$ cat structure.pdb   # PDB, C-alpha atoms and all ligand atoms
ATOM      1  CA  MET A  23     -23.469  10.754  18.834  1.00  0.00           C
ATOM      2  CA  MET A  24     -21.002   8.151  17.648  1.00  0.00           C
ATOM      3  CA  ARG A  25     -19.924   5.253  19.790  1.00  0.00           C
ATOM      4  CA  GLY A  26     -16.724   3.339  19.275  1.00  0.00           C
ATOM      5  CA  ARG A  27     -14.647   0.660  20.925  1.00  0.00           C
ATOM      6  CA  CYS A  28     -11.309  -1.079  20.708  1.00  0.00           C
ATOM      7  CA  LEU A  29     -10.874  -4.673  19.580  1.00  0.00           C
ATOM      8  CA  CYS A  30     -11.256  -6.193  23.067  1.00  0.00           C
ATOM      9  CA  GLY A  31     -14.014  -3.806  24.133  1.00  0.00           C
ATOM     10  CA  ALA A  32     -12.279  -2.537  27.270  1.00  0.00           C
ATOM     11  CA  VAL A  33     -11.945   0.974  25.827  1.00  0.00           C
ATOM     12  CA  THR A  34     -15.125   2.750  24.825  1.00  0.00           C
ATOM     13  CA  LEU A  35     -15.371   6.077  23.050  1.00  0.00           C
ATOM     14  CA  GLU A  36     -18.232   8.537  22.804  1.00  0.00           C
ATOM     15  CA  VAL A  37     -17.977  11.315  20.226  1.00  0.00           C
ATOM     16  CA  ARG A  38     -20.741  13.876  20.370  1.00  0.00           C
ATOM     17  CA  GLU A  39     -19.519  16.067  17.507  1.00  0.00           C
ATOM     18  CA  ALA A  40     -17.020  15.398  14.723  1.00  0.00           C
ATOM     19  CA  SER A  41     -16.073  16.264  11.179  1.00  0.00           C
ATOM     20  CA  PRO A  42     -17.409  13.256   9.257  1.00  0.00           C
ATOM     21  CA  VAL A  43     -14.549  13.094   6.782  1.00  0.00           C
ATOM     22  CA  LEU A  44     -11.289  11.165   6.763  1.00  0.00           C
ATOM     23  CA  SER A  45      -7.768  12.376   6.272  1.00  0.00           C
ATOM     24  CA  VAL A  46      -5.069   9.912   5.302  1.00  0.00           C
ATOM     25  CA  CYS A  47      -1.428  10.172   6.348  1.00  0.00           C
ATOM     26  CA  HIS A  48       1.259   8.214   4.536  1.00  0.00           C
ATOM     27  CA  CYS A  49       4.137   9.366   6.755  1.00  0.00           C
ATOM     28  CA  ASP A  50       6.578   6.869   8.174  1.00  0.00           C
ATOM     29  CA  MET A  51       5.494   7.371  11.802  1.00  0.00           C
ATOM     30  CA  CYS A  52       1.802   6.926  11.154  1.00  0.00           C
ATOM     31  CA  ARG A  53       2.464   3.884   9.001  1.00  0.00           C
ATOM     32  CA  ARG A  54       4.538   2.177  11.667  1.00  0.00           C
ATOM     33  CA  TRP A  55       1.998   2.915  14.356  1.00  0.00           C
ATOM     34  CA  ALA A  56      -1.153   2.077  12.435  1.00  0.00           C
ATOM     35  CA  GLY A  57       0.385  -0.769  10.440  1.00  0.00           C
ATOM     36  CA  GLN A  58      -0.241   0.993   7.125  1.00  0.00           C
ATOM     37  CA  ALA A  59      -1.406   4.399   5.940  1.00  0.00           C
ATOM     38  CA  MET A  60      -3.317   5.969   8.806  1.00  0.00           C
ATOM     39  CA  MET A  61      -6.809   7.369   8.448  1.00  0.00           C
ATOM     40  CA  MET A  62      -8.264   9.738  11.012  1.00  0.00           C
ATOM     41  CA  PHE A  63     -11.148  12.094  11.626  1.00  0.00           C
ATOM     42  CA  VAL A  64     -11.216  15.140  13.871  1.00  0.00           C
ATOM     43  CA  ALA A  65     -13.358  15.838  16.925  1.00  0.00           C
ATOM     44  CA  PRO A  66     -13.157  18.715  19.423  1.00  0.00           C
ATOM     45  CA  ALA A  67     -11.735  17.742  22.798  1.00  0.00           C
ATOM     46  CA  ALA A  68     -14.926  18.667  24.632  1.00  0.00           C
ATOM     47  CA  ALA A  69     -16.937  16.295  22.432  1.00  0.00           C
ATOM     48  CA  VAL A  70     -14.924  13.164  23.235  1.00  0.00           C
ATOM     49  CA  THR A  71     -15.295  10.859  26.232  1.00  0.00           C
ATOM     50  CA  ALA A  72     -12.897   7.925  26.444  1.00  0.00           C
ATOM     51  CA  THR A  73     -12.993   5.303  29.178  1.00  0.00           C
ATOM     52  CA  GLY A  74     -10.976   2.184  29.862  1.00  0.00           C
ATOM     53  CA  PRO A  75      -7.317   1.133  30.054  1.00  0.00           C
ATOM     54  CA  ILE A  76      -5.823   3.777  27.766  1.00  0.00           C
ATOM     55  CA  ARG A  77      -2.067   4.170  27.344  1.00  0.00           C
ATOM     56  CA  ARG A  78      -0.424   7.167  25.719  1.00  0.00           C
ATOM     57  CA  TYR A  79       2.848   7.113  23.815  1.00  0.00           C
ATOM     58  CA  ALA A  80       4.695  10.396  23.256  1.00  0.00           C
ATOM     59  CA  SER A  81       5.564   9.856  19.611  1.00  0.00           C
ATOM     60  CA  SER A  82       7.221  13.263  19.376  1.00  0.00           C
ATOM     61  CA  SER A  83       7.819  16.390  21.443  1.00  0.00           C
ATOM     62  CA  PHE A  84       4.425  17.722  20.357  1.00  0.00           C
ATOM     63  CA  ALA A  85       2.081  14.770  19.968  1.00  0.00           C
ATOM     64  CA  GLU A  86       0.920  11.581  21.634  1.00  0.00           C
ATOM     65  CA  ARG A  87      -0.717   8.435  20.335  1.00  0.00           C
ATOM     66  CA  ALA A  88      -3.221   6.573  22.475  1.00  0.00           C
ATOM     67  CA  PHE A  89      -3.986   2.877  22.442  1.00  0.00           C
ATOM     68  CA  CYS A  90      -5.742   0.179  24.469  1.00  0.00           C
ATOM     69  CA  GLU A  91      -3.222  -1.355  26.831  1.00  0.00           C
ATOM     70  CA  ILE A  92      -4.936  -4.739  26.656  1.00  0.00           C
ATOM     71  CA  CYS A  93      -5.449  -5.330  22.931  1.00  0.00           C
ATOM     72  CA  GLY A  94      -3.208  -2.642  21.441  1.00  0.00           C
ATOM     73  CA  SER A  95      -5.868  -1.040  19.257  1.00  0.00           C
ATOM     74  CA  ALA A  96      -4.785   2.403  18.076  1.00  0.00           C
ATOM     75  CA  LEU A  97      -7.297   5.007  19.247  1.00  0.00           C
ATOM     76  CA  TRP A  98      -6.162   8.553  18.543  1.00  0.00           C
ATOM     77  CA  MET A  99      -3.369  11.016  17.999  1.00  0.00           C
ATOM     78  CA  ARG A 100      -3.334  14.381  19.701  1.00  0.00           C
ATOM     79  CA  ASP A 101      -1.099  17.405  20.121  1.00  0.00           C
ATOM     80  CA  THR A 102       0.496  17.795  23.542  1.00  0.00           C
ATOM     81  CA  GLY A 103       2.386  20.423  25.460  1.00  0.00           C
ATOM     82  CA  GLU A 104       1.867  24.085  26.112  1.00  0.00           C
ATOM     83  CA  GLY A 105      -1.316  25.404  24.540  1.00  0.00           C
ATOM     84  CA  ALA A 106      -2.518  21.935  23.551  1.00  0.00           C
ATOM     85  CA  GLU A 107      -4.870  21.340  26.489  1.00  0.00           C
ATOM     86  CA  ASP A 108      -7.859  21.738  24.164  1.00  0.00           C
ATOM     87  CA  ALA A 109      -6.245  20.085  21.162  1.00  0.00           C
ATOM     88  CA  VAL A 110      -8.593  18.197  18.895  1.00  0.00           C
ATOM     89  CA  PHE A 111      -8.660  14.412  18.855  1.00  0.00           C
ATOM     90  CA  GLU A 112      -7.514  12.839  15.610  1.00  0.00           C
ATOM     91  CA  LEU A 113      -9.448   9.622  16.008  1.00  0.00           C
ATOM     92  CA  LEU A 114      -8.732   6.407  14.154  1.00  0.00           C
ATOM     93  CA  PRO A 115     -11.919   5.446  12.356  1.00  0.00           C
ATOM     94  CA  GLY A 116     -11.579   1.711  12.855  1.00  0.00           C
ATOM     95  CA  ALA A 117     -13.150   1.957  16.309  1.00  0.00           C
ATOM     96  CA  PHE A 118     -16.333   3.462  14.896  1.00  0.00           C
ATOM     97  CA  GLY A 119     -18.848   1.625  12.747  1.00  0.00           C
ATOM     98  CA  ALA A 120     -20.283   4.962  11.613  1.00  0.00           C
ATOM     99  CA  ALA A 121     -17.005   5.904   9.933  1.00  0.00           C
ATOM    100  CA  ALA A 122     -17.700   3.419   7.149  1.00  0.00           C
ATOM    101  CA  ASP A 123     -19.632   6.128   5.315  1.00  0.00           C
ATOM    102  CA  PHE A 124     -17.041   8.910   5.699  1.00  0.00           C
ATOM    103  CA  PRO A 125     -15.420  10.103   2.461  1.00  0.00           C
ATOM    104  CA  ILE A 126     -11.732  10.968   2.191  1.00  0.00           C
ATOM    105  CA  ASP A 127     -11.164  14.717   2.513  1.00  0.00           C
ATOM    106  CA  HIS A 128      -7.435  14.768   1.758  1.00  0.00           C
ATOM    107  CA  GLU A 129      -4.209  12.776   1.912  1.00  0.00           C
ATOM    108  CA  ILE A 130      -0.861  14.005   3.235  1.00  0.00           C
ATOM    109  CA  TYR A 131       2.594  12.640   2.464  1.00  0.00           C
ATOM    110  CA  ALA A 132       0.862  11.461  -0.680  1.00  0.00           C
ATOM    111  CA  ASP A 133       4.179  11.162  -2.499  1.00  0.00           C
ATOM    112  CA  ARG A 134       5.158   8.486   0.017  1.00  0.00           C
ATOM    113  CA  ALA A 135       2.046   6.381  -0.439  1.00  0.00           C
ATOM    114  CA  TRP A 136       2.461   2.671  -0.967  1.00  0.00           C
ATOM    115  CA  LYS A 137       1.694   1.420  -4.434  1.00  0.00           C
ATOM    116  CA  ALA A 138      -1.063  -0.655  -2.851  1.00  0.00           C
ATOM    117  CA  HIS A 139      -2.753   2.429  -1.424  1.00  0.00           C
ATOM    118  CA  GLY A 140      -4.404   4.100  -4.361  1.00  0.00           C
ATOM    119  CA  PHE A 141      -7.401   5.583  -2.611  1.00  0.00           C
ATOM    120  CA  ALA A 142     -10.238   6.560  -4.934  1.00  0.00           C
ATOM    121  CA  GLY A 143     -11.666  10.046  -5.179  1.00  0.00           C
ATOM    122  CA  ASP A 144     -10.849  13.502  -6.458  1.00  0.00           C
ATOM    123  CA  HIS A 145      -9.550  14.880  -3.145  1.00  0.00           C
ATOM    124  CA  PRO A 146      -6.368  16.899  -2.547  1.00  0.00           C
ATOM    125  CA  ARG A 147      -3.177  14.831  -2.376  1.00  0.00           C
ATOM    126  CA  ILE A 148      -0.592  16.861  -0.512  1.00  0.00           C
ATOM    127  CA  ALA A 149       3.072  15.973  -0.907  1.00  0.00           C
ATOM    128  CA  ARG A 150       5.540  15.803   1.948  1.00  0.00           C
ATOM    129  CA  ALA A 151       7.343  19.059   1.086  1.00  0.00           C
ATOM    130  CA  GLU A 152       4.113  21.006   0.815  1.00  0.00           C
ATOM    131  CA  TYR A 153       2.847  19.634   4.124  1.00  0.00           C
ATOM    132  CA  GLU A 154       6.090  20.211   6.012  1.00  0.00           C
ATOM    133  CA  ALA A 155       6.304  23.798   4.756  1.00  0.00           C
ATOM    134  CA  ALA A 156       3.140  24.630   6.680  1.00  0.00           C
ATOM    135  CA  HIS A 157       3.021  22.221   9.672  1.00  0.00           C
ATOM    136  CA  ARG A 158       5.167  20.898  12.486  1.00  0.00           C
ATOM    137  CA  PHE A 159       6.744  17.562  11.642  1.00  0.00           C
ATOM    138  CA  VAL A 160       9.341  15.099  12.884  1.00  0.00           C
ATOM    139  CA  PRO A 161      12.415  14.950  10.628  1.00  0.00           C
ATOM    140  CA  ASP A 162      13.522  11.539   9.390  1.00  0.00           C
ATOM    141  CA  SER A 163      16.722  11.890  11.403  1.00  0.00           C
ATOM    142  CA  ALA A 164      14.713  11.971  14.636  1.00  0.00           C
ATOM    143  CA  ILE A 165      12.770   8.793  13.932  1.00  0.00           C
ATOM    144  CA  ALA A 166      14.216   5.636  15.469  1.00  0.00           C
ATOM    145  CA  GLY A 167      15.876   3.156  13.175  1.00  0.00           C
ATOM    146  CA  ALA A 168      17.190   3.463   9.671  1.00  0.00           C
ATOM    147  CA  ALA A 169      15.118   4.660   6.752  1.00  0.00           C
ATOM    148  CA  GLY A 170      13.700   1.857   4.698  1.00  0.00           C
ATOM    149  CA  GLU A 171      13.654  -0.739   7.471  1.00  0.00           C
TER
HETATM  150 ZN    ZN B   1      -8.818  -3.177  23.867  1.00  0.00          ZN
HETATM  151 ZN    ZN B   2       1.573  10.843   9.753  1.00  0.00          ZN
END
$ encode --input "structure.pdb" --output "structure tokens" --more "lines below"
Ligand SMILES: [Zn+2]
Ligand SMILES: [Zn+2]
Amino acid sequence: MMRGRCLCGAVTLEVREASPVLSVCHCDMCRRWAGQAMMMFVAPAAAVTATGPIRRYASSSFAERAFCEICGSALWMRDTGEGAEDAVFELLPGAFGAAADFPIDHEIYADRAWKAHGFAGDHPRIARAEYEAAHRFVPDSAIAGAAGE
């Protein structure tokens, strides 16, 4: 059992089962939302209990991002829509003290990583083209604002 909370403490999270490894996403959307490269770990929907003032933002036609409406802490990303009722939670590790010991499992959009983000370890670093060939993604043209802003 892992317990987590947002910055202000109004949102609490209980995770009864999870994969104790981190993935890192360097895509533009994750970076804007999380403030920098986004780390996450995966938990099955049935293993997560979240309580408190949670807001959800539909960041694309197939995913939402949840945050505390009081303090703004980013909490998770999750697939939405048809067939996604049992979608896993991609939880942001910052809410969980236990995540401090999680190793990095892989990075995606690794070819877009900031120079400052050279994460250590011999894990797979998957480039944008390789990732987008196998997964749903939001094209640059559909993201608000101009590239590079
Ligand atoms: Zn909060
Ligand atoms: Zn991303």
$ closest_atom_pairs --input "structure.pdb" --of "chain A" --to "ligand ZN 1 (chain B)" --cutoff "10 Å" --atoms "only C-alpha atoms and all ligand atoms" --output "Markdown table"
| residue | atom | partner | partner_atom | distance |
| --- | --- | --- | --- | --- |
| A:Arg27 | CA | B:ZN1 | ZN | 7.6 |
| A:Cys28 | CA | B:ZN1 | ZN | 4.5 |
| A:Leu29 | CA | B:ZN1 | ZN | 5.0 |
| A:Cys30 | CA | B:ZN1 | ZN | 4.0 |
| A:Gly31 | CA | B:ZN1 | ZN | 5.2 |
| A:Ala32 | CA | B:ZN1 | ZN | 4.9 |
| A:Val33 | CA | B:ZN1 | ZN | 5.6 |
| A:Thr34 | CA | B:ZN1 | ZN | 8.7 |
| A:Gly74 | CA | B:ZN1 | ZN | 8.3 |
| A:Pro75 | CA | B:ZN1 | ZN | 7.7 |
| A:Ile76 | CA | B:ZN1 | ZN | 8.5 |
| A:Phe89 | CA | B:ZN1 | ZN | 7.9 |
| A:Cys90 | CA | B:ZN1 | ZN | 4.6 |
| A:Glu91 | CA | B:ZN1 | ZN | 6.6 |
| A:Ile92 | CA | B:ZN1 | ZN | 5.0 |
| A:Cys93 | CA | B:ZN1 | ZN | 4.1 |
| A:Gly94 | CA | B:ZN1 | ZN | 6.1 |
| A:Ser95 | CA | B:ZN1 | ZN | 5.9 |
| A:Ala96 | CA | B:ZN1 | ZN | 9.0 |
| A:Leu97 | CA | B:ZN1 | ZN | 9.5 |
$ closest_residue --input "structure.pdb" --among "A:Phe124, A:Phe111, A:Gln58, A:Thr71" --to "Lys137 of chain A" --atoms "all atoms listed in the file"
A:Gln58
$ closest_atom_pairs --input "structure.pdb" --of "chain A" --to "ligand ZN 2 (chain B)" --cutoff "8 Å" --atoms "all atoms listed in the file" --output "CSV"
residue,atom,partner,partner_atom,distance
A:Cys47,CA,B:ZN2,ZN,4.6
A:His48,CA,B:ZN2,ZN,5.9
A:Cys49,CA,B:ZN2,ZN,4.2
A:Asp50,CA,B:ZN2,ZN,6.6
A:Met51,CA,B:ZN2,ZN,5.6
A:Cys52,CA,B:ZN2,ZN,4.2
A:Arg53,CA,B:ZN2,ZN,7.1
A:Met60,CA,B:ZN2,ZN,7.0
A:Ile130,CA,B:ZN2,ZN,7.6
A:Tyr131,CA,B:ZN2,ZN,7.6
$ resolve_selection --input "structure.pdb" --expression "the PyMOL selection byres (((chain A and resi 100) around 8) and not hetatm)" --output "MDAnalysis selection string"
chainID A and resid 85:87 98:99 101:102 109:112
$ atom_distance --input "structure.pdb" --atom1 "atom CA of Leu35 of chain A" --atom2 "atom CA of Glu104 of chain A"
25.1 Å
$ resolve_selection --input "structure.pdb" --expression "the PyMOL selection byres (((chain A and resi 146) around 8) and not hetatm)" --output "number ranges by chain"
A: 127-129, 144-145, 147-148
$ residues_around --input "structure.pdb" --residues "Met23 of chain A" --least-positions-apart "2" --cutoff "10 Å" --atoms "all atoms listed in the file" --output "list in words"
Arg25, Glu36, Val37, Arg38, Glu39, Ala40, Ala69, Val70 and Ala120 of chain A
$ write_last_selection --input "structure.pdb" --atoms "C-alpha atoms" --output "PDB file, keeping the file's coordinate frame"
ATOM      1  CA  ARG A  25     -19.924   5.253  19.790  1.00  0.00           C
ATOM      2  CA  GLU A  36     -18.232   8.537  22.804  1.00  0.00           C
ATOM      3  CA  VAL A  37     -17.977  11.315  20.226  1.00  0.00           C
ATOM      4  CA  ARG A  38     -20.741  13.876  20.370  1.00  0.00           C
ATOM      5  CA  GLU A  39     -19.519  16.067  17.507  1.00  0.00           C
ATOM      6  CA  ALA A  40     -17.020  15.398  14.723  1.00  0.00           C
ATOM      7  CA  ALA A  69     -16.937  16.295  22.432  1.00  0.00           C
ATOM      8  CA  VAL A  70     -14.924  13.164  23.235  1.00  0.00           C
ATOM      9  CA  ALA A 120     -20.283   4.962  11.613  1.00  0.00           C
TER      10      ALA A 120
END
$ closest_residue --input "structure.pdb" --among "A:Phe63, A:Phe84, A:Gly140, A:Met24" --to "His157 of chain A" --atoms "all atoms listed in the file"
A:Phe84
$ axis_aligned_box --input "structure.pdb" --around "segment 137-152 of chain A" --padding-each-side "8 Å" --output "JSON"
{"center_x": -2.2, "center_y": 10.2, "center_z": -2.3, "size_x": 35.0, "size_y": 37.7, "size_z": 24.4}
$ resolve_selection --input "structure.pdb" --expression "the PyMOL selection byres (((chain A and resi 159) around 10) and not hetatm)" --output "ChimeraX atom specification"
/A:49,82-85,150,153-158,160-162
$ atom_distance --input "structure.pdb" --atom1 "atom CA of Val64 of chain A" --atom2 "atom CA of Leu113 of chain A"
6.2 Å
$ atom_distance --input "structure.pdb" --atom1 "atom CA of Arg78 of chain A" --atom2 "atom CA of Pro125 of chain A"
27.8 Å
$ closest_residue --input "structure.pdb" --among "A:Ala80, A:Ala88, A:Ala138, A:Val43" --to "Ala65 of chain A" --atoms "all atoms listed in the file"
A:Val43
$ build_atoms --input "structure.pdb" --residues "segment 86-97 of chain A" --atoms "all heavy atoms" --output "PDB file, keeping the file's coordinate frame"
ATOM      1  N   GLU A  86       1.006  12.897  21.014  1.00  0.00           N
ATOM      2  CA  GLU A  86       0.920  11.581  21.634  1.00  0.00           C
ATOM      3  C   GLU A  86      -0.031  10.711  20.819  1.00  0.00           C
ATOM      4  O   GLU A  86      -0.879  11.211  20.076  1.00  0.00           O
ATOM      5  CB  GLU A  86       0.390  11.689  23.066  1.00  0.00           C
ATOM      6  CG  GLU A  86      -1.056  12.135  23.135  1.00  0.00           C
ATOM      7  CD  GLU A  86      -1.600  12.233  24.557  1.00  0.00           C
ATOM      8  OE1 GLU A  86      -0.796  12.225  25.497  1.00  0.00           O
ATOM      9  OE2 GLU A  86      -2.836  12.322  24.689  1.00  0.00           O
ATOM     10  N   ARG A  87       0.146   9.404  20.993  1.00  0.00           N
ATOM     11  CA  ARG A  87      -0.717   8.435  20.335  1.00  0.00           C
ATOM     12  C   ARG A  87      -1.257   7.508  21.419  1.00  0.00           C
ATOM     13  O   ARG A  87      -0.491   6.987  22.228  1.00  0.00           O
ATOM     14  CB  ARG A  87       0.067   7.665  19.268  1.00  0.00           C
ATOM     15  CG  ARG A  87       0.545   8.608  18.144  1.00  0.00           C
ATOM     16  CD  ARG A  87       1.455   7.911  17.151  1.00  0.00           C
ATOM     17  NE  ARG A  87       2.088   8.882  16.267  1.00  0.00           N
ATOM     18  CZ  ARG A  87       1.837   9.003  14.951  1.00  0.00           C
ATOM     19  NH1 ARG A  87       0.965   8.212  14.370  1.00  0.00           N
ATOM     20  NH2 ARG A  87       2.469   9.897  14.222  1.00  0.00           N
ATOM     21  N   ALA A  88      -2.565   7.337  21.417  1.00  0.00           N
ATOM     22  CA  ALA A  88      -3.221   6.573  22.475  1.00  0.00           C
ATOM     23  C   ALA A  88      -3.685   5.226  21.944  1.00  0.00           C
ATOM     24  O   ALA A  88      -4.112   5.105  20.799  1.00  0.00           O
ATOM     25  CB  ALA A  88      -4.411   7.349  23.021  1.00  0.00           C
ATOM     26  N   PHE A  89      -3.601   4.224  22.843  1.00  0.00           N
ATOM     27  CA  PHE A  89      -3.986   2.877  22.442  1.00  0.00           C
ATOM     28  C   PHE A  89      -4.515   2.115  23.640  1.00  0.00           C
ATOM     29  O   PHE A  89      -4.277   2.485  24.794  1.00  0.00           O
ATOM     30  CB  PHE A  89      -2.800   2.136  21.813  1.00  0.00           C
ATOM     31  CG  PHE A  89      -1.593   2.039  22.708  1.00  0.00           C
ATOM     32  CD1 PHE A  89      -1.360   0.904  23.478  1.00  0.00           C
ATOM     33  CD2 PHE A  89      -0.692   3.089  22.799  1.00  0.00           C
ATOM     34  CE1 PHE A  89      -0.249   0.813  24.309  1.00  0.00           C
ATOM     35  CE2 PHE A  89       0.425   3.018  23.638  1.00  0.00           C
ATOM     36  CZ  PHE A  89       0.646   1.876  24.389  1.00  0.00           C
ATOM     37  N   CYS A  90      -5.241   1.035  23.386  1.00  0.00           N
ATOM     38  CA  CYS A  90      -5.742   0.179  24.469  1.00  0.00           C
ATOM     39  C   CYS A  90      -4.586  -0.656  24.999  1.00  0.00           C
ATOM     40  O   CYS A  90      -3.901  -1.332  24.232  1.00  0.00           O
ATOM     41  CB  CYS A  90      -6.849  -0.724  23.952  1.00  0.00           C
ATOM     42  SG  CYS A  90      -7.336  -1.988  25.168  1.00  0.00           S
ATOM     43  N   GLU A  91      -4.377  -0.628  26.301  1.00  0.00           N
ATOM     44  CA  GLU A  91      -3.222  -1.355  26.831  1.00  0.00           C
ATOM     45  C   GLU A  91      -3.463  -2.856  26.877  1.00  0.00           C
ATOM     46  O   GLU A  91      -2.523  -3.629  27.070  1.00  0.00           O
ATOM     47  CB  GLU A  91      -2.827  -0.827  28.212  1.00  0.00           C
ATOM     48  CG  GLU A  91      -3.683  -1.269  29.353  1.00  0.00           C
ATOM     49  CD  GLU A  91      -3.100  -0.814  30.694  1.00  0.00           C
ATOM     50  OE1 GLU A  91      -2.226   0.063  30.714  1.00  0.00           O
ATOM     51  OE2 GLU A  91      -3.553  -1.349  31.717  1.00  0.00           O
ATOM     52  N   ILE A  92      -4.670  -3.299  26.679  1.00  0.00           N
ATOM     53  CA  ILE A  92      -4.936  -4.739  26.656  1.00  0.00           C
ATOM     54  C   ILE A  92      -4.756  -5.302  25.251  1.00  0.00           C
ATOM     55  O   ILE A  92      -3.995  -6.235  25.035  1.00  0.00           O
ATOM     56  CB  ILE A  92      -6.358  -5.042  27.174  1.00  0.00           C
ATOM     57  CG1 ILE A  92      -6.472  -4.624  28.634  1.00  0.00           C
ATOM     58  CG2 ILE A  92      -6.684  -6.531  27.002  1.00  0.00           C
ATOM     59  CD1 ILE A  92      -7.882  -4.698  29.192  1.00  0.00           C
ATOM     60  N   CYS A  93      -5.460  -4.739  24.286  1.00  0.00           N
ATOM     61  CA  CYS A  93      -5.449  -5.330  22.931  1.00  0.00           C
ATOM     62  C   CYS A  93      -4.583  -4.566  21.946  1.00  0.00           C
ATOM     63  O   CYS A  93      -4.344  -5.050  20.842  1.00  0.00           O
ATOM     64  CB  CYS A  93      -6.874  -5.466  22.400  1.00  0.00           C
ATOM     65  SG  CYS A  93      -7.679  -3.897  22.002  1.00  0.00           S
ATOM     66  N   GLY A  94      -4.117  -3.371  22.316  1.00  0.00           N
ATOM     67  CA  GLY A  94      -3.208  -2.642  21.441  1.00  0.00           C
ATOM     68  C   GLY A  94      -3.875  -1.812  20.359  1.00  0.00           C
ATOM     69  O   GLY A  94      -3.183  -1.171  19.570  1.00  0.00           O
ATOM     70  N   SER A  95      -5.194  -1.818  20.307  1.00  0.00           N
ATOM     71  CA  SER A  95      -5.868  -1.040  19.257  1.00  0.00           C
ATOM     72  C   SER A  95      -5.470   0.426  19.325  1.00  0.00           C
ATOM     73  O   SER A  95      -5.514   1.047  20.387  1.00  0.00           O
ATOM     74  CB  SER A  95      -7.392  -1.136  19.429  1.00  0.00           C
ATOM     75  OG  SER A  95      -7.854  -2.447  19.232  1.00  0.00           O
ATOM     76  N   ALA A  96      -5.103   0.977  18.170  1.00  0.00           N
ATOM     77  CA  ALA A  96      -4.785   2.403  18.076  1.00  0.00           C
ATOM     78  C   ALA A  96      -6.083   3.206  18.159  1.00  0.00           C
ATOM     79  O   ALA A  96      -7.080   2.868  17.509  1.00  0.00           O
ATOM     80  CB  ALA A  96      -4.062   2.681  16.770  1.00  0.00           C
ATOM     81  N   LEU A  97      -6.066   4.267  18.977  1.00  0.00           N
ATOM     82  CA  LEU A  97      -7.297   5.007  19.247  1.00  0.00           C
ATOM     83  C   LEU A  97      -7.288   6.431  18.712  1.00  0.00           C
ATOM     84  O   LEU A  97      -8.227   6.859  18.065  1.00  0.00           O
ATOM     85  CB  LEU A  97      -7.554   5.043  20.763  1.00  0.00           C
ATOM     86  CG  LEU A  97      -7.668   3.679  21.435  1.00  0.00           C
ATOM     87  CD1 LEU A  97      -7.657   3.837  22.952  1.00  0.00           C
ATOM     88  CD2 LEU A  97      -8.925   2.950  20.978  1.00  0.00           C
TER      89      LEU A  97
END
